[in-house]
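Written below as structure tokens is the structure these notes are about.
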Amino acid sequence: MTELLEAVLRGLGTGSIYAMLALAFVIVYKSTGVINFAQPAMMLAGATIATYAGPAIGVVLFASLSFFLSVGIAALLTALIALVIERAAIRPMVGRPAFVVAIITIGIDIAVRVVAGGFIGLGARPVPNPWGLDGVDLAGVRVQQRHLVSMAVLTVVVLALLHFYRRTRYGLAMRAAAFDQEAALTQGVNVGNVFAVSWAMAGALAAVAGSLLAISAGVDRRIWVVALIALPAIILGGLDSLEGAVIGGLAVGVVQALVGSYQREVAPWLGDNFSVVAPYVLMLLVLLAKPYGIFGTPEVRRV
Amino acid sequence: MKLRRTGVLLAALALVATGCRDSDDGGGGGGDGEISAPGVTEEACPDAVNEDNGCIYLGTISDLTQGPFAPLGVPITEAQEAFWARVNEEGGIGGYDINVTEYVRDNLYNPQTHKQVYGEIEGDVLALAQTLGSPTTLAILPDMERDEMVGAPASWTSLWAFEDAILESGTNYCVEGMNAVDYMVAEKDISSVMAVHYPGDYGGDGAAGAEIAAEANGIDFTGVETAPGQEEQAGAISAILDAKPDLVILGTAPTETAVIVGQTAAQGFTGQFIGLGPTWNPALLATPAAPALEALYMQSGYWGPYGSDTPGHEAMREALGEVEQPNDGYTAGWAWSYPLKAALEEWLAGDYDKDRAGLLEAVQSLETIDYEGMLPEEAGNRSGEPDDNIFRASVLSKVDKAAPSGVSLVQDFTVGPTAEEHTFEGACFEG
């Protein structure tokens, strides 16, 4: 039982990071109708900035405070980068098919990754943090502190997003634009700004997720691949659903951890690395039952 | 519009011109008609050290930017540049300077890219100073045989002993696996070993060796394949924690080493890890896994680490000067260059056809190679059967923060009983 709980907690910890990455995808998709394939690069860029910001401020402050400060700086700068990219490369494409814009984001992804890679260098760069791989004992259940930190950060992010979408003018404008761009335009919503804000928010979230991910083994050039695990998460949660992104991300994390821990005993014939494909199997199973994901909006067309 | 068209036309012309230049450069036979191999010119090298010497061009295909082994590929390539620059400063070989900087290509650790760039430089170089990676080099082996091209590999898979065109140095992953198990049986009397490894002719080769040694010693063996990536190690970690083996042989890249050793230690595992050569990178000392690595990890290797005390190591450190982060990629790149140097000397001085086939023949006649103490001379024997040629001694190092590349020797060249007895009839890993 303890072992099961430990696996679930590990899964929730990693799942919290996937959930933030998934949220970033969904925020851009909701307001622009485009899957932003530059998200992995934004995560890499954000985490890289955190590796530079940490040592710069770490000397004078408490370790955990300096970690969160460096993540804050990384989130701000990554949001700025995302704003610039959106203005320069995405805004001119307004009105073009979503497919075209998605392909452009793939190009942006490669370009940003190459630049970020230059700052990373050849090895791995550590993000200074006080937790490392240390664990704590919670009533006999051992859990790594970094997983608890990830869960706490996800909780704060979700609360902040709820507040933003429900209680602020911009949040309302974004919901309106997501619902119907033309109608929102006629009501005086600046849809261009909505695009910009959604890109900036997604960039900031990716930076936070990337920095948390890098606690265990630092930032290397290949870490961006992790952001792709958010894709099965958003698809099983529903492409346009924020709740779906959170649940999907957590579900993918937990399933991966459980499969990693138990599959060798329960189903050894599946081979050594079934946990790598488990998120995709989960996604297919969910899609069989709910073709638009758990919380996705079914697309109804009258003909 | 017109301006743009002119621009495109100019760009196209420039491309065509570049293409022509390439084919002019290479393929030149010797000016006096003696040497008729591609990549050898009577003209001096660009920026030649010895203006009166001709030039031999060697190609380099390495992982230089995006691939998983770029942290090793870049220092390997830098060390080889330094190695050949030193050869040139000492007067070159038989009236020729050696150039390794003109034909350097990035393989992105991708076999297809490797094959493509090999095709680009094949006609312009005499031999390959470096072909990095086992799967990548396997992709060009048929081409190398067709072109009678000799190449120094940047990998240690046991298959190379059976390939005439590949000029490997030191032992191989398979023997490393055997020696690591034998060492732990002798030192700690262990009763179980698990190999956690990438599939294929790196990790798979080391695991095969560990399995042979486990069988010879009558202890339990389990093999666990794992995929590259920080977050893909859950299966490997729980396999280690469930089975609690006395020894884990690692055949992964450095990042996975940090994740696996760090996470299993955090969850209470106290067994010994021995990593194959490529599992270490001194940057791991900056990760949270550092204390666990210091306590539980040892690195197996093919020669002493960067800070070792041999004339070869010393020459390397002097030639490289101040490097930002000493790393055993440098050591490997330097050591791998000696056989090609010996082969070129033999080929130019001896009575061989002065073409690539002659160079290949010269390679096969080598009985000893002067590694300046980095490896014993007999490690360079290429004249016998593969089973006789295979060098069976490896070294073991422990994590040492004070050492230049983060590791220092605990056991110098040693052959374990399993490797001593084993007859190599083919590569240990057969995919």
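So you can find residues: chains in the structure tokens are A, B, ... in the order shown, residues in each start at 1, and ligands are numbered from 1 in order.
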Show me, as a compact mmCIF listing (two decimals) with N, CA and C atoms, in the first residue's frame, every residue of chain A with an atom at most 7 Å from chain B, counting only C-alpha atoms.
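As a result, iface-v7.txt now contains:
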```txt
# COMPACT_ATOMS: atom_id res chain seq x y z
N LEU A 122 27.29 22.31 -23.83
CA LEU A 122 27.25 20.91 -24.20
C LEU A 122 26.79 19.98 -23.08
N GLY A 123 27.06 20.34 -21.84
CA GLY A 123 26.65 19.46 -20.75
C GLY A 123 25.26 19.82 -20.25
N ALA A 124 25.02 19.59 -18.97
CA ALA A 124 23.75 19.98 -18.38
C ALA A 124 24.02 21.16 -17.45
N PRO A 126 22.75 23.15 -14.12
CA PRO A 126 21.84 22.96 -12.99
C PRO A 126 21.01 24.21 -12.71
N GLY A 132 16.75 19.29 -4.52
CA GLY A 132 17.45 18.20 -5.19
C GLY A 132 16.60 16.95 -5.21
N LEU A 133 17.18 15.84 -4.74
CA LEU A 133 16.43 14.59 -4.73
C LEU A 133 16.03 14.20 -3.31
N ASP A 134 16.12 15.15 -2.37
CA ASP A 134 15.80 14.83 -0.98
C ASP A 134 14.32 14.46 -0.82
N SER A 216 15.74 17.89 -10.96
CA SER A 216 16.38 16.60 -10.71
C SER A 216 17.72 16.43 -11.41
N ALA A 217 17.84 16.81 -12.67
CA ALA A 217 19.10 16.53 -13.36
C ALA A 217 19.58 17.70 -14.22
N GLY A 218 19.05 18.89 -14.00
CA GLY A 218 19.53 20.05 -14.74
C GLY A 218 18.91 20.16 -16.13
N ALA A 257 3.86 6.59 -13.82
CA ALA A 257 4.53 6.12 -12.61
C ALA A 257 4.06 4.73 -12.22
N GLY A 260 5.38 2.22 -14.69
CA GLY A 260 6.82 2.06 -14.44
C GLY A 260 7.07 1.17 -13.24
N SER A 261 6.25 1.31 -12.19
CA SER A 261 6.49 0.56 -10.96
C SER A 261 5.98 -0.87 -11.01
N ASP A 272 10.47 -3.91 -21.42
CA ASP A 272 11.07 -3.13 -20.34
C ASP A 272 10.61 -1.69 -20.27
N ASN A 273 10.12 -1.15 -21.37
CA ASN A 273 9.88 0.30 -21.41
C ASN A 273 8.45 0.67 -21.75
N SER A 275 6.30 1.96 -19.97
CA SER A 275 5.85 3.23 -19.39
C SER A 275 6.06 4.39 -20.37
N VAL A 276 6.98 4.23 -21.32
CA VAL A 276 7.21 5.30 -22.29
C VAL A 276 6.01 5.48 -23.21
```
Test item: residues at most 12 Å from B:Asp309, only C-alpha atoms, excluding those fewer than 2 positions along its chain, as an MDAnalysis selection string: chainID B and resid 303:307 311:317 372:374 408:409 412
Mind checking which residues fall within 12 Å of stretch 85-90 of chain B, counting only C-alpha atoms, ignoring those fewer than 5 positions away in the same chain, and posting them as a ChimeraX atom specification? /B:44-45,47-56,78-80,95-101,312,315-320,334,337-338,340-342,344-345
Those residues you just picked out, can you put them in a file as a PDB file, in the first residue's frame with C-alpha atoms?
```pdb
ATOM      1  CA  ALA B  44      50.707  22.488 -48.948  1.00  0.00           C
ATOM      2  CA  CYS B  45      47.734  22.394 -46.580  1.00  0.00           C
ATOM      3  CA  ASP B  47      47.598  27.503 -43.251  1.00  0.00           C
ATOM      4  CA  ALA B  48      50.330  24.876 -43.385  1.00  0.00           C
ATOM      5  CA  VAL B  49      52.887  24.551 -40.611  1.00  0.00           C
ATOM      6  CA  ASN B  50      55.456  23.169 -43.056  1.00  0.00           C
ATOM      7  CA  GLU B  51      55.126  25.058 -46.342  1.00  0.00           C
ATOM      8  CA  ASP B  52      57.267  22.542 -48.236  1.00  0.00           C
ATOM      9  CA  ASN B  53      55.210  19.532 -47.261  1.00  0.00           C
ATOM     10  CA  GLY B  54      52.333  18.111 -49.240  1.00  0.00           C
ATOM     11  CA  CYS B  55      48.976  17.665 -47.561  1.00  0.00           C
ATOM     12  CA  ILE B  56      46.946  14.659 -46.431  1.00  0.00           C
ATOM     13  CA  GLU B  78      39.146  19.424 -30.529  1.00  0.00           C
ATOM     14  CA  ALA B  79      41.637  16.945 -29.109  1.00  0.00           C
ATOM     15  CA  GLN B  80      42.182  15.401 -32.541  1.00  0.00           C
ATOM     16  CA  GLY B  95      56.850  14.842 -46.287  1.00  0.00           C
ATOM     17  CA  TYR B  96      53.176  15.498 -45.655  1.00  0.00           C
ATOM     18  CA  ASP B  97      51.281  17.673 -43.202  1.00  0.00           C
ATOM     19  CA  ILE B  98      47.977  16.309 -41.947  1.00  0.00           C
ATOM     20  CA  ASN B  99      44.826  18.399 -42.180  1.00  0.00           C
ATOM     21  CA  VAL B 100      41.783  17.421 -40.084  1.00  0.00           C
ATOM     22  CA  THR B 101      39.968  20.764 -40.105  1.00  0.00           C
ATOM     23  CA  GLY B 312      50.672  10.743 -23.839  1.00  0.00           C
ATOM     24  CA  ALA B 315      51.386  15.778 -24.304  1.00  0.00           C
ATOM     25  CA  MET B 316      47.623  16.059 -24.676  1.00  0.00           C
ATOM     26  CA  ARG B 317      47.262  18.499 -21.782  1.00  0.00           C
ATOM     27  CA  GLU B 318      50.118  20.583 -23.112  1.00  0.00           C
ATOM     28  CA  ALA B 319      48.748  20.633 -26.670  1.00  0.00           C
ATOM     29  CA  LEU B 320      45.254  21.570 -25.536  1.00  0.00           C
ATOM     30  CA  TRP B 334      43.734  11.989 -28.461  1.00  0.00           C
ATOM     31  CA  SER B 337      44.513   9.195 -33.147  1.00  0.00           C
ATOM     32  CA  TYR B 338      47.668   7.162 -32.504  1.00  0.00           C
ATOM     33  CA  LEU B 340      46.064   6.336 -37.745  1.00  0.00           C
ATOM     34  CA  LYS B 341      49.359   8.138 -37.203  1.00  0.00           C
ATOM     35  CA  ALA B 342      51.182   4.800 -36.993  1.00  0.00           C
ATOM     36  CA  LEU B 344      50.257   6.656 -42.129  1.00  0.00           C
ATOM     37  CA  GLU B 345      53.913   6.390 -41.087  1.00  0.00           C
TER      38      GLU B 345
END
```
Check stretch 139-190 of chain A with DSSP on the backbone and list each residue it calls strand (DSSP E), as a PyMOL selection string. chain A and resi 141-144
Using only C-alpha atoms, which protein or nucleic acid residues come within 8 Å of B:Phe162? Drop anything in the same chain fewer than 4 positions from it, and give the result as a PDB file with N, CA and C atoms, in the first residue's frame.
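Contents of around-v8.pdb, as written:
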```
ATOM      1  N   SER B 158      32.254  -4.125 -29.683  1.00  0.00           N
ATOM      2  CA  SER B 158      33.167  -5.245 -29.931  1.00  0.00           C
ATOM      3  C   SER B 158      33.210  -5.651 -31.409  1.00  0.00           C
ATOM      4  N   PRO B 386      41.088 -11.686 -35.024  1.00  0.00           N
ATOM      5  CA  PRO B 386      40.410 -10.764 -34.108  1.00  0.00           C
ATOM      6  C   PRO B 386      40.525 -11.192 -32.653  1.00  0.00           C
ATOM      7  N   GLY B 426      32.761 -13.458 -32.619  1.00  0.00           N
ATOM      8  CA  GLY B 426      31.993 -12.431 -33.327  1.00  0.00           C
ATOM      9  C   GLY B 426      31.685 -11.346 -32.326  1.00  0.00           C
ATOM     10  N   ALA B 427      30.957 -10.306 -32.764  1.00  0.00           N
ATOM     11  CA  ALA B 427      30.598  -9.244 -31.832  1.00  0.00           C
ATOM     12  C   ALA B 427      29.727  -9.819 -30.725  1.00  0.00           C
TER      13      ALA B 427
END
```
Surrounding residues of B:Ile140 excluding itself and chain neighbours under 2 positions, 9 Å, only C-alpha atoms, as JSON, numbers by chain: {"B": [111, 114, 115, 118, 136, 137, 138, 142, 143, 144, 145]}
Export of prior selection with N, CA and C atoms as a PDB file, in the first residue's frame:
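Full text of result-v7.pdb as output:
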```
ATOM      1  N   PRO B 111      22.153   7.998 -38.229  1.00  0.00           N
ATOM      2  CA  PRO B 111      22.808   7.190 -39.261  1.00  0.00           C
ATOM      3  C   PRO B 111      22.602   7.724 -40.681  1.00  0.00           C
ATOM      4  N   HIS B 114      24.758  10.666 -41.197  1.00  0.00           N
ATOM      5  CA  HIS B 114      26.139  10.182 -41.229  1.00  0.00           C
ATOM      6  C   HIS B 114      26.490   9.688 -42.630  1.00  0.00           C
ATOM      7  N   LYS B 115      25.575   8.914 -43.189  1.00  0.00           N
ATOM      8  CA  LYS B 115      25.808   8.340 -44.514  1.00  0.00           C
ATOM      9  C   LYS B 115      25.873   9.442 -45.570  1.00  0.00           C
ATOM     10  N   TYR B 118      29.099  11.430 -45.218  1.00  0.00           N
ATOM     11  CA  TYR B 118      30.210  10.592 -45.666  1.00  0.00           C
ATOM     12  C   TYR B 118      30.332  10.693 -47.185  1.00  0.00           C
ATOM     13  N   THR B 136      25.842   4.766 -36.260  1.00  0.00           N
ATOM     14  CA  THR B 136      26.145   5.674 -37.364  1.00  0.00           C
ATOM     15  C   THR B 136      27.257   5.093 -38.235  1.00  0.00           C
ATOM     16  N   THR B 137      28.299   4.579 -37.592  1.00  0.00           N
ATOM     17  CA  THR B 137      29.416   4.014 -38.356  1.00  0.00           C
ATOM     18  C   THR B 137      28.980   2.739 -39.081  1.00  0.00           C
ATOM     19  N   LEU B 138      28.089   1.960 -38.410  1.00  0.00           N
ATOM     20  CA  LEU B 138      27.575   0.757 -39.085  1.00  0.00           C
ATOM     21  C   LEU B 138      26.907   1.123 -40.404  1.00  0.00           C
ATOM     22  N   PRO B 142      29.466  -0.516 -45.309  1.00  0.00           N
ATOM     23  CA  PRO B 142      29.542  -1.034 -46.689  1.00  0.00           C
ATOM     24  C   PRO B 142      30.213  -0.028 -47.635  1.00  0.00           C
ATOM     25  N   ASP B 143      29.906   1.263 -47.431  1.00  0.00           N
ATOM     26  CA  ASP B 143      30.530   2.288 -48.284  1.00  0.00           C
ATOM     27  C   ASP B 143      32.038   2.327 -48.036  1.00  0.00           C
ATOM     28  N   MET B 144      32.422   2.233 -46.761  1.00  0.00           N
ATOM     29  CA  MET B 144      33.848   2.286 -46.439  1.00  0.00           C
ATOM     30  C   MET B 144      34.575   1.108 -47.083  1.00  0.00           C
ATOM     31  N   GLU B 145      33.930  -0.060 -47.049  1.00  0.00           N
ATOM     32  CA  GLU B 145      34.562  -1.227 -47.676  1.00  0.00           C
ATOM     33  C   GLU B 145      34.708  -1.015 -49.175  1.00  0.00           C
TER      34      GLU B 145
END
```
Residues near A:Gly238, anyone? I mean within 6 Å using only C-alpha atoms, not counting same-chain ones fewer than 3 positions away, as a CSV table (one decimal) with C-alpha atoms, in the first residue's frame.
```
chain,number,residue,atom,x,y,z
A,234,ILE,CA,-4.3,17.7,-23.8
A,235,ILE,CA,-5.9,15.3,-26.3
A,241,SER,CA,-10.5,22.6,-21.8
A,244,GLY,CA,-9.0,18.8,-19.1
A,292,TYR,CA,-13.3,14.8,-28.1
A,293,GLY,CA,-11.5,14.0,-24.9
A,294,ILE,CA,-12.9,13.9,-21.4
A,295,PHE,CA,-13.8,17.6,-21.2
A,296,GLY,CA,-13.6,18.6,-24.8
```
Taking the DSSP secondary structure from the backbone, can you list the residues of stretch 32-126 of chain A that are helix (DSSP H, G or I), as a PDB file with C-alpha atoms, in the first residue's frame?
```
ATOM      1  CA  THR A  32      -6.135  31.233 -31.426  1.00  0.00           C
ATOM      2  CA  GLN A  39       5.954  25.188 -26.683  1.00  0.00           C
ATOM      3  CA  PRO A  40       8.869  22.720 -26.154  1.00  0.00           C
ATOM      4  CA  ALA A  41      11.308  25.435 -27.177  1.00  0.00           C
ATOM      5  CA  MET A  42       9.687  27.950 -24.823  1.00  0.00           C
ATOM      6  CA  MET A  43      10.100  25.434 -22.005  1.00  0.00           C
ATOM      7  CA  LEU A  44      13.758  24.926 -22.894  1.00  0.00           C
ATOM      8  CA  ALA A  45      14.339  28.688 -23.116  1.00  0.00           C
ATOM      9  CA  GLY A  46      12.583  29.319 -19.792  1.00  0.00           C
ATOM     10  CA  ALA A  47      14.509  26.625 -17.940  1.00  0.00           C
ATOM     11  CA  THR A  48      17.765  27.902 -19.439  1.00  0.00           C
ATOM     12  CA  ILE A  49      17.029  31.426 -18.234  1.00  0.00           C
ATOM     13  CA  ALA A  50      16.377  30.015 -14.750  1.00  0.00           C
ATOM     14  CA  THR A  51      19.832  28.373 -14.774  1.00  0.00           C
ATOM     15  CA  TYR A  52      21.381  31.792 -15.372  1.00  0.00           C
ATOM     16  CA  ALA A  53      19.088  33.750 -13.034  1.00  0.00           C
ATOM     17  CA  GLY A  54      19.557  31.333 -10.097  1.00  0.00           C
ATOM     18  CA  PRO A  55      23.299  31.779  -9.544  1.00  0.00           C
ATOM     19  CA  ALA A  56      22.987  35.514 -10.189  1.00  0.00           C
ATOM     20  CA  ILE A  57      20.653  36.088  -7.240  1.00  0.00           C
ATOM     21  CA  GLY A  58      21.210  32.952  -5.182  1.00  0.00           C
ATOM     22  CA  ALA A  63      17.786  28.945  -1.264  1.00  0.00           C
ATOM     23  CA  SER A  64      14.071  28.303  -1.818  1.00  0.00           C
ATOM     24  CA  LEU A  65      13.239  31.992  -2.130  1.00  0.00           C
ATOM     25  CA  SER A  66      16.009  32.402  -4.684  1.00  0.00           C
ATOM     26  CA  PHE A  67      14.683  29.394  -6.633  1.00  0.00           C
ATOM     27  CA  PHE A  68      11.236  30.910  -6.888  1.00  0.00           C
ATOM     28  CA  LEU A  69      12.691  34.315  -7.750  1.00  0.00           C
ATOM     29  CA  SER A  70      14.756  32.809 -10.535  1.00  0.00           C
ATOM     30  CA  VAL A  71      11.687  30.945 -11.819  1.00  0.00           C
ATOM     31  CA  GLY A  72       9.761  34.228 -11.700  1.00  0.00           C
ATOM     32  CA  ILE A  73      12.440  35.991 -13.710  1.00  0.00           C
ATOM     33  CA  ALA A  74      12.510  33.097 -16.173  1.00  0.00           C
ATOM     34  CA  ALA A  75       8.716  33.213 -16.535  1.00  0.00           C
ATOM     35  CA  LEU A  76       8.739  36.980 -17.156  1.00  0.00           C
ATOM     36  CA  LEU A  77      11.536  36.884 -19.712  1.00  0.00           C
ATOM     37  CA  THR A  78      10.056  33.871 -21.499  1.00  0.00           C
ATOM     38  CA  ALA A  79       6.692  35.643 -21.632  1.00  0.00           C
ATOM     39  CA  LEU A  80       8.484  38.614 -23.221  1.00  0.00           C
ATOM     40  CA  ILE A  81      10.169  36.363 -25.772  1.00  0.00           C
ATOM     41  CA  ALA A  82       6.794  34.795 -26.555  1.00  0.00           C
ATOM     42  CA  LEU A  83       5.279  38.265 -27.012  1.00  0.00           C
ATOM     43  CA  VAL A  84       7.967  39.246 -29.470  1.00  0.00           C
ATOM     44  CA  ILE A  85       7.598  36.001 -31.418  1.00  0.00           C
ATOM     45  CA  GLU A  86       3.834  36.361 -31.505  1.00  0.00           C
ATOM     46  CA  ARG A  87       4.065  39.946 -32.772  1.00  0.00           C
ATOM     47  CA  ALA A  88       6.720  39.200 -35.352  1.00  0.00           C
ATOM     48  CA  ALA A  89       5.750  35.817 -36.724  1.00  0.00           C
ATOM     49  CA  ILE A  90       2.197  34.918 -35.725  1.00  0.00           C
ATOM     50  CA  ARG A  91       0.192  38.170 -35.867  1.00  0.00           C
ATOM     51  CA  PRO A  92       0.797  38.701 -39.592  1.00  0.00           C
ATOM     52  CA  MET A  93      -0.773  35.290 -40.123  1.00  0.00           C
ATOM     53  CA  ALA A  98      -4.685  27.250 -38.455  1.00  0.00           C
ATOM     54  CA  PHE A  99      -2.634  24.562 -40.178  1.00  0.00           C
ATOM     55  CA  VAL A 100      -0.317  27.149 -41.739  1.00  0.00           C
ATOM     56  CA  VAL A 101       0.240  28.862 -38.404  1.00  0.00           C
ATOM     57  CA  ALA A 102       0.917  25.516 -36.697  1.00  0.00           C
ATOM     58  CA  ILE A 103       3.624  24.766 -39.256  1.00  0.00           C
ATOM     59  CA  ILE A 104       5.155  28.189 -38.596  1.00  0.00           C
ATOM     60  CA  THR A 105       5.290  27.368 -34.884  1.00  0.00           C
ATOM     61  CA  ILE A 106       7.319  24.253 -35.726  1.00  0.00           C
ATOM     62  CA  GLY A 107       9.850  26.497 -37.451  1.00  0.00           C
ATOM     63  CA  ILE A 108       9.913  28.834 -34.450  1.00  0.00           C
ATOM     64  CA  ASP A 109      10.450  25.812 -32.190  1.00  0.00           C
ATOM     65  CA  ILE A 110      13.572  24.753 -34.054  1.00  0.00           C
ATOM     66  CA  ALA A 111      14.976  28.287 -34.177  1.00  0.00           C
ATOM     67  CA  VAL A 112      14.414  28.991 -30.472  1.00  0.00           C
ATOM     68  CA  ARG A 113      15.838  25.596 -29.492  1.00  0.00           C
ATOM     69  CA  VAL A 114      19.028  26.236 -31.414  1.00  0.00           C
ATOM     70  CA  VAL A 115      19.484  29.622 -29.729  1.00  0.00           C
ATOM     71  CA  ALA A 116      18.684  28.239 -26.254  1.00  0.00           C
ATOM     72  CA  GLY A 117      21.026  25.308 -26.962  1.00  0.00           C
ATOM     73  CA  GLY A 118      23.837  27.779 -27.510  1.00  0.00           C
ATOM     74  CA  PHE A 119      23.293  29.152 -23.994  1.00  0.00           C
ATOM     75  CA  ILE A 120      23.119  25.676 -22.465  1.00  0.00           C
TER      76      ILE A 120
END
```
Can you list, as a list in words, every protein, DNA or RNA residue that comes within 9 Å of stretch 349-365 of chain B when you count only C-alpha atoms, leaving out same-chain residues fewer than 5 positions away?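 Contacts, in chain order: Glu34, Ile35, Ser36, Ala37, Pro38, Gly94, Leu126, Ala127, Asp147, Glu148, Met149, Val150, Asp164, Ala165, Leu167, Pro339, Leu340, Ala342, Ala343, Leu344, Asn381, Arg382, Ser383 and Gly384 of chain B.
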Coordinates-based distance that separates atom CA of B:Pro199 from atom CA of A:Trp269 (Å, one decimal):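 A separation of 16.9 Å between them.
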